[in-house]
Amino acid sequence: MPRFLRLIINIVVLGAFLLISQQVWAQDWRPVRGGIPFGISGMALIEQQNNTLDFLIVHDNKQKNQGRLAIISIKGKNQLEYFPLNWPGKIELPIDLEALTSVPEKTKLSFIALSSSGKAYYIRLEAANKTISIIKEFDLPGIIQGDNFESFGLQNIDGKLVAIWGHRGEGEQPATIFWGIFDLAKYQITLAGSANLKVPFPSGKVRHISDIKVDPVGIVYITSASDAGDDGPFQSAVYVAGYLGFRGNKIAWRQNPQLVPLYRSDYHKIEGMELVPGAEGGVIVGTDDENLGSYVYIVGGNS
């Protein structure tokens, strides 16, 4: 067989292999919606039932005609479903919602959404009719000029409601993790401490913390992300950043001195994360891929 013909056959075979690989890779990531207004900047589990996962998500939109919240439903291998939610008309529209967490052990579906400026919204969801109400608006403690918050998490640890949040940082500027005790009756967080953090990957214009969650034993997970513009390229990673626990009556932070990427992506900008227990769960991540829209991926689940 002539060398040129063999070369052509090899190119065709390689191209077919790459196409199949890309199709398999694409099936792991579940598309949500296309376009900048549908980027996922935070997510929280609503319900886990049989083969279905329902999440509340926030969009970091700033214009009046753009959505702020939505429900997404993942049902097995079926096409993901998206249900936009209306913001209550009597409450001023938030600007740049960047984080979302559920309120632990509440009988009703309660969540807290956070804007990049540090303004928080205590939200109650009526899942049956897909409506929300705003119970309270409040501010994070200790906000200083230049803070840009992209993450917020809540967890019951040793019988106390602990809040953790982060200023994202960028490039050589580290992120800052804050933590404190949340008095839900007063809608007030008592700041207990802070620490700086930089991740090894991604590099360049990296946002060292793009989301944060803490599990019931105090293990803190973060996502990091970078992008070169509205069309990418994007890079992201998931880390265990450290541990929150009580020493006496004080909540203390123990930071991981050697950050290990649990997952990394060279294709997506991860800005939302949720921890879902059980056989069908895992670390669930959502993306804000700008012009390319949004996707979700189950890092530790059955994709």
# chains A, B, ... in the order shown; residues from 1 in each chain; ligands from 1
$ residues_around --residues "Gly42 (chain A)" --least-positions-apart "3" --cutoff "7 Å" --atoms "only C-alpha atoms" --output "list in words"
Ile57, Val58, Glu98, Ala99, Leu100, Glu271, Gly272 and Met273 of chain A
$ residues_around --residues "region 119-132 of chain A" --least-positions-apart "2" --cutoff "8 Å" --atoms "only C-alpha atoms" --output "list in words"
Leu85, Asn86, Trp87, Pro88, Lys108, Leu109, Ser110, Phe111, Ile112, Ala113, Leu114, Ser115, Ser116, Ser117, Ile134, Ile135, Lys136, Glu137, Phe138, Asp139 and Leu140 of chain A
$ residues_around --residues "region 34-38 of chain A" --least-positions-apart "5" --cutoff "8 Å" --atoms "only C-alpha atoms" --output "VMD selection string"
chain A and resid 59 to 61 66 to 67 288 to 294
$ closest_residue --among "A:Leu93, A:Ala228, A:Ala241, A:Val283" --to "Lys198 (chain A)" --atoms "only C-alpha atoms"
A:Ala241
$ atom_distance --atom1 "CA of Tyr82 (chain A)" --atom2 "CA of Gly282 (chain A)"
20.7 Å
$ closest_residue --among "A:Ala163, A:Glu105, A:Gly146, A:Ala195" --to "Asn256 (chain A)" --atoms "only C-alpha atoms"
A:Ala195
$ select_by_dssp --residues "region 51-89 of chain A" --states "strand (DSSP E)" --output "PyMOL selection string"
chain A and resi 52-58+69-75+81-85
$ write_last_selection --atoms "N, CA, C and O atoms" --output "compact mmCIF listing (two decimals), in the first residue's frame"
# COMPACT_ATOMS: atom_id res chain seq x y z
N THR A 52 -33.78 10.67 40.56
CA THR A 52 -33.97 12.08 40.22
C THR A 52 -33.26 12.99 41.21
O THR A 52 -33.32 12.76 42.42
N LEU A 53 -32.58 13.99 40.70
CA LEU A 53 -31.95 15.03 41.51
C LEU A 53 -32.49 16.38 41.07
O LEU A 53 -32.42 16.73 39.89
N ASP A 54 -33.06 17.14 42.02
CA ASP A 54 -33.56 18.48 41.74
C ASP A 54 -32.69 19.50 42.47
O ASP A 54 -32.40 19.34 43.66
N PHE A 55 -32.30 20.55 41.75
CA PHE A 55 -31.45 21.59 42.33
C PHE A 55 -32.06 22.96 42.10
O PHE A 55 -32.69 23.22 41.07
N LEU A 56 -31.85 23.84 43.07
CA LEU A 56 -32.08 25.26 42.87
C LEU A 56 -30.75 25.86 42.42
O LEU A 56 -29.69 25.51 42.97
N ILE A 57 -30.77 26.72 41.41
CA ILE A 57 -29.55 27.36 40.92
C ILE A 57 -29.74 28.87 40.86
O ILE A 57 -30.88 29.36 40.79
N VAL A 58 -28.63 29.60 40.92
CA VAL A 58 -28.68 31.05 40.76
C VAL A 58 -27.86 31.45 39.54
O VAL A 58 -26.87 30.80 39.19
N LEU A 69 -33.06 33.00 39.43
CA LEU A 69 -33.10 31.65 39.98
C LEU A 69 -33.85 30.72 39.04
O LEU A 69 -34.69 31.14 38.26
N ALA A 70 -33.53 29.43 39.17
CA ALA A 70 -34.23 28.41 38.39
C ALA A 70 -34.09 27.07 39.11
O ALA A 70 -33.25 26.90 40.00
N ILE A 71 -34.94 26.13 38.72
CA ILE A 71 -34.85 24.75 39.18
C ILE A 71 -34.39 23.90 37.99
O ILE A 71 -34.89 24.06 36.88
N ILE A 72 -33.41 23.04 38.24
CA ILE A 72 -33.04 22.05 37.23
C ILE A 72 -33.30 20.66 37.80
O ILE A 72 -33.12 20.42 38.98
N SER A 73 -33.73 19.77 36.93
CA SER A 73 -34.08 18.41 37.34
C SER A 73 -33.32 17.41 36.46
O SER A 73 -33.41 17.47 35.23
N ILE A 74 -32.56 16.54 37.13
CA ILE A 74 -31.80 15.50 36.43
C ILE A 74 -32.49 14.17 36.70
O ILE A 74 -32.55 13.70 37.84
N LYS A 75 -33.02 13.55 35.65
CA LYS A 75 -33.76 12.30 35.78
C LYS A 75 -33.07 11.23 34.94
O LYS A 75 -33.29 11.12 33.73
N GLU A 81 -34.08 18.99 32.72
CA GLU A 81 -35.20 19.94 32.64
C GLU A 81 -34.85 21.23 33.39
O GLU A 81 -34.21 21.20 34.44
N TYR A 82 -35.30 22.35 32.83
CA TYR A 82 -34.99 23.67 33.38
C TYR A 82 -36.29 24.44 33.59
O TYR A 82 -37.10 24.56 32.67
N PHE A 83 -36.49 24.96 34.83
CA PHE A 83 -37.71 25.70 35.15
C PHE A 83 -37.32 27.05 35.75
O PHE A 83 -36.87 27.13 36.90
N PRO A 84 -37.47 28.15 35.00
CA PRO A 84 -37.14 29.47 35.55
C PRO A 84 -38.11 29.88 36.65
O PRO A 84 -39.29 29.52 36.63
N LEU A 85 -37.61 30.63 37.63
CA LEU A 85 -38.43 31.12 38.74
C LEU A 85 -38.49 32.64 38.69
O LEU A 85 -37.51 33.30 38.32
$ closest_residue --among "A:Lys77, A:Arg168, A:His208, A:Lys62" --to "Arg30 (chain A)" --atoms "only C-alpha atoms"
A:Lys77
$ residues_around --residues "Ile144 (chain A)" --least-positions-apart "3" --cutoff "12 Å" --atoms "only C-alpha atoms" --output "PyMOL selection string"
chain A and resi 117-118+139-141+147-149+167+176
$ atom_distance --atom1 "CA of Ser102 (chain A)" --atom2 "CA of Val276 (chain A)"
12.0 Å
$ atom_distance --atom1 "CA of Ile209 (chain A)" --atom2 "CA of Leu244 (chain A)"
16.6 Å
$ closest_residue --among "A:Lys213, A:Arg254, A:Arg207, A:Lys160" --to "Ile270 (chain A)" --atoms "only C-alpha atoms"
A:Arg207
